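Q: Please read through the structure below; I'll follow up with questions.
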Amino acid sequence: MRQKNAAEDLRLSLNTEAFGLTDVGRKRQHNEDAMMLDASLGLFIVADGMGGHAAGEVASARASEVVKQHVLTNRNILKDLSKDPSQANRAAAAALVEVAVQRACADIYRMATSDATKRGMGTTFVCLAVGGSKGVIGHVGDSRVYLVRNAQCHRLTEDHTLVAAQLKAGTITKEQAAASQYRNVITRAVGIQESVQVDTLIVDLLPGDTFILCSDGLHGYLSDEEILPLVESISKRDLPKKFVSLANERGGKDNITALVVAIQGEAVPSEETTEAQSRMEALRKIPLFRHLTYKEQTAVLSIATTRTFPGGREIVTEGQPGEELYVVIRGRVAIEKNGVEIAELRAGGHFGEMGLIDNAPRSATVRAAEPTRVMVVARNDLMNLMKRESILAVKLLWSFVQVLSDRLRATNSELSEVRQELAVVQAIQPFAEE
């Protein structure tokens, strides 16, 4: 199955090609997976139903249809995102996907409670909704989304399973998880209850990106490390067939669905592409964020904004409170103390991270030495992200401790040197007076 994006009504700045295949596998009698490719709307879905024949397949199909209709009805939100990927429009797009999945959840739950033959049915769910150069991932359950970018493969979802929760808590090892009898026990699904917690993630879409949406019937037989070589050696058109064949060759105990979305680059401004890459590269070099996973770093980028300052304009002012971290994406800034320039930062440099802790007065003035573009992470936005992502919060707090510890050591070292110099001066002063 193949669809190529036209999407004139959304004014998408990217072209996408999508190819998908779903298969019953070798052991099941019925296919309870559902797949949707609607490139004209910019919506791609994989759902893995549960509850048995005439129930699981109903849940997965219904979830896909309800989400599609909600996105279609509110497609102006994706249109606004494609025109202006502001923080407000990104939040609205994430909310669009979350509400769509919640509507599907309530709808399936009502169907199940009113029909005894469908009681207990539900479905996992992953989707990618495209709005210009941004994508919104929605996720519930253990279906997955992978991103292949710049010769690296990144998993952008975390399984909502008992084993994944145990791994996250550190109570079992990866080896124990692989052999666990509970590895298929799902902790979240669409339709089992009237509502469900939906994970959403805003991602940059870059030319050459390949997104893979799949059910556990595929990733249960395919390691993350195997995906990149396959993507690099097989045409996007043939990838779904290859994925399904591999899963069947290795057992095929479940239904198998693979959906490949390829991002084409002809219509993307090179400046926008370069900036998106620069933002991630700069973030990964900052000590505070260095130990986060790619998915967690992407979550931080999703709350960041960008600003442009003309040459000579103050970005932060000495003595004034501030609660934002700044990262130089393009240009050059001068750091001034009491009106004297003491340092200079170029692309990749950052300043103001202590503002993420509190809004204490800035210790220096930072001025754009030339037209400069910066990425900005605000404290309130970061705190809200940390509330939603507990593991990310622990990593950031530990990184904060390390940063503060390094600064304390540096300060103590400087004070020690000053004390030694003062001691020398005091020792030779009597001789100088003679």
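Residues in the structure tokens are named by chain (A, B, ... in the order shown) and by number from 1 within that chain; ligands are numbered from 1 in the order shown.
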As a ChimeraX atom specification, please: the residues near Val148 of chain A (cut-off 10 Å, only C-alpha atoms, same-chain neighbours under 6 positions excluded).
A: /A:154-155,208-212,227-228,231-232,262
Q: So that I have them on file, write out the residues from the current selection with C-alpha atoms, as a compact mmCIF listing (two decimals), in the first residue's frame.
A:
```
# COMPACT_ATOMS: atom_id res chain seq x y z
CA HIS A 154 16.08 5.96 17.77
CA ARG A 155 13.02 4.54 19.53
CA GLY A 208 15.82 11.84 4.76
CA ASP A 209 14.03 10.90 7.99
CA THR A 210 12.34 7.51 8.08
CA PHE A 211 9.64 6.79 10.67
CA ILE A 212 8.59 3.21 11.37
CA ILE A 227 16.42 -1.78 11.98
CA LEU A 228 19.09 0.62 10.68
CA VAL A 231 16.40 0.77 6.30
CA GLU A 232 19.73 1.59 4.64
CA ALA A 262 9.69 8.58 4.51
```
Q: Determine, using only C-alpha atoms, which residues of segment 307-368 of chain A have any atom at most 10 Å from an atom of segment 372-379 of chain A, and tabulate each with its shortest atom pair and distance in Å to one decimal place, rows ordered by chain and then rising number, as CSV.
A:
```
residue,atom,partner,partner_atom,distance
A:Arg307,CA,A:Val374,CA,5.5
A:Thr308,CA,A:Arg373,CA,4.3
A:Phe309,CA,A:Thr372,CA,5.2
A:Pro310,CA,A:Thr372,CA,6.4
A:Gly311,CA,A:Thr372,CA,7.1
A:Gly312,CA,A:Thr372,CA,9.8
A:Arg313,CA,A:Thr372,CA,9.4
A:Ile315,CA,A:Val374,CA,9.5
A:Gly322,CA,A:Arg379,CA,9.3
A:Glu323,CA,A:Arg379,CA,5.6
A:Glu324,CA,A:Ala378,CA,4.5
A:Leu325,CA,A:Val377,CA,5.1
A:Tyr326,CA,A:Val376,CA,4.8
A:Val327,CA,A:Met375,CA,5.0
A:Val328,CA,A:Val374,CA,4.5
A:Ile329,CA,A:Val374,CA,5.1
A:Arg330,CA,A:Arg373,CA,5.1
A:Gly331,CA,A:Thr372,CA,4.2
A:Arg332,CA,A:Thr372,CA,6.1
A:Val333,CA,A:Thr372,CA,7.4
A:Arg346,CA,A:Thr372,CA,9.2
A:Ala347,CA,A:Val374,CA,8.7
A:Gly348,CA,A:Val374,CA,9.5
A:Gly349,CA,A:Val374,CA,9.7
A:His350,CA,A:Val374,CA,9.0
A:Gly352,CA,A:Val376,CA,9.8
A:Glu353,CA,A:Val377,CA,9.0
A:Met354,CA,A:Arg379,CA,9.7
A:Gly355,CA,A:Arg379,CA,7.1
A:Leu356,CA,A:Arg379,CA,4.6
A:Ile357,CA,A:Arg379,CA,7.2
A:Asp358,CA,A:Arg379,CA,8.0
A:Asn359,CA,A:Arg379,CA,8.9
A:Arg367,CA,A:Thr372,CA,9.5
A:Ala368,CA,A:Thr372,CA,6.0
```
Q: Can you build me a table of segment 299-348 of chain A residues sitting at most 12 Å from segment 132-137 of chain A, with the closest atom pair per residue and its distance in Å to one decimal, using only C-alpha atoms, sorted by chain and residue number, as a Markdown table?
A:
```
| residue | atom | partner | partner_atom | distance |
| --- | --- | --- | --- | --- |
| A:Ala299 | CA | A:Ile137 | CA | 11.1 |
| A:Leu301 | CA | A:Lys134 | CA | 11.6 |
| A:Ser302 | CA | A:Lys134 | CA | 9.7 |
```
Q: Just C-alpha atoms for this one: save the residues we selected as an mmCIF file, in the first residue's frame.
A:
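Writing done, so here's out-v2.cif:
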```cif
data_model
loop_
_atom_site.group_PDB
_atom_site.id
_atom_site.type_symbol
_atom_site.label_atom_id
_atom_site.label_comp_id
_atom_site.auth_asym_id
_atom_site.auth_seq_id
_atom_site.Cartn_x
_atom_site.Cartn_y
_atom_site.Cartn_z
ATOM 1 C CA ALA A 299 10.990 16.115 24.529
ATOM 2 C CA LEU A 301 13.379 20.403 22.231
ATOM 3 C CA SER A 302 9.600 20.219 21.970
#
```
Q: Could you please write out, as an MDAnalysis selection string, every residue of segment 178-343 of chain A that DSSP assigns to strand (DSSP E)?
A: chainID A and resid 199:204 210:214 256:264 305:309 314:316 324:330 332:337 340:343
Q: One number please: atom CA of Gln181 of chain A to atom CA of Cys105 of chain A, in Å, one decimal.
A: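 Spanning atom CA of Gln181 of chain A to atom CA of Cys105 of chain A is a straight-line distance of 27.4 Å.
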Q: Nearest residue to Phe19 of chain A out of A:Val97, A:Val185, A:Ile77, A:Ala39, using only C-alpha atoms?
A: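 Nearest candidate to Phe19 of chain A out of A:Val97, A:Val185, A:Ile77, A:Ala39: A:Ala39.
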Q: Given the choices A:Pro207, A:Gly131, A:Pro287, A:Gly141, which gets closest to Val46 of chain A if the distance is worked out from only C-alpha atoms?
A: A:Gly141
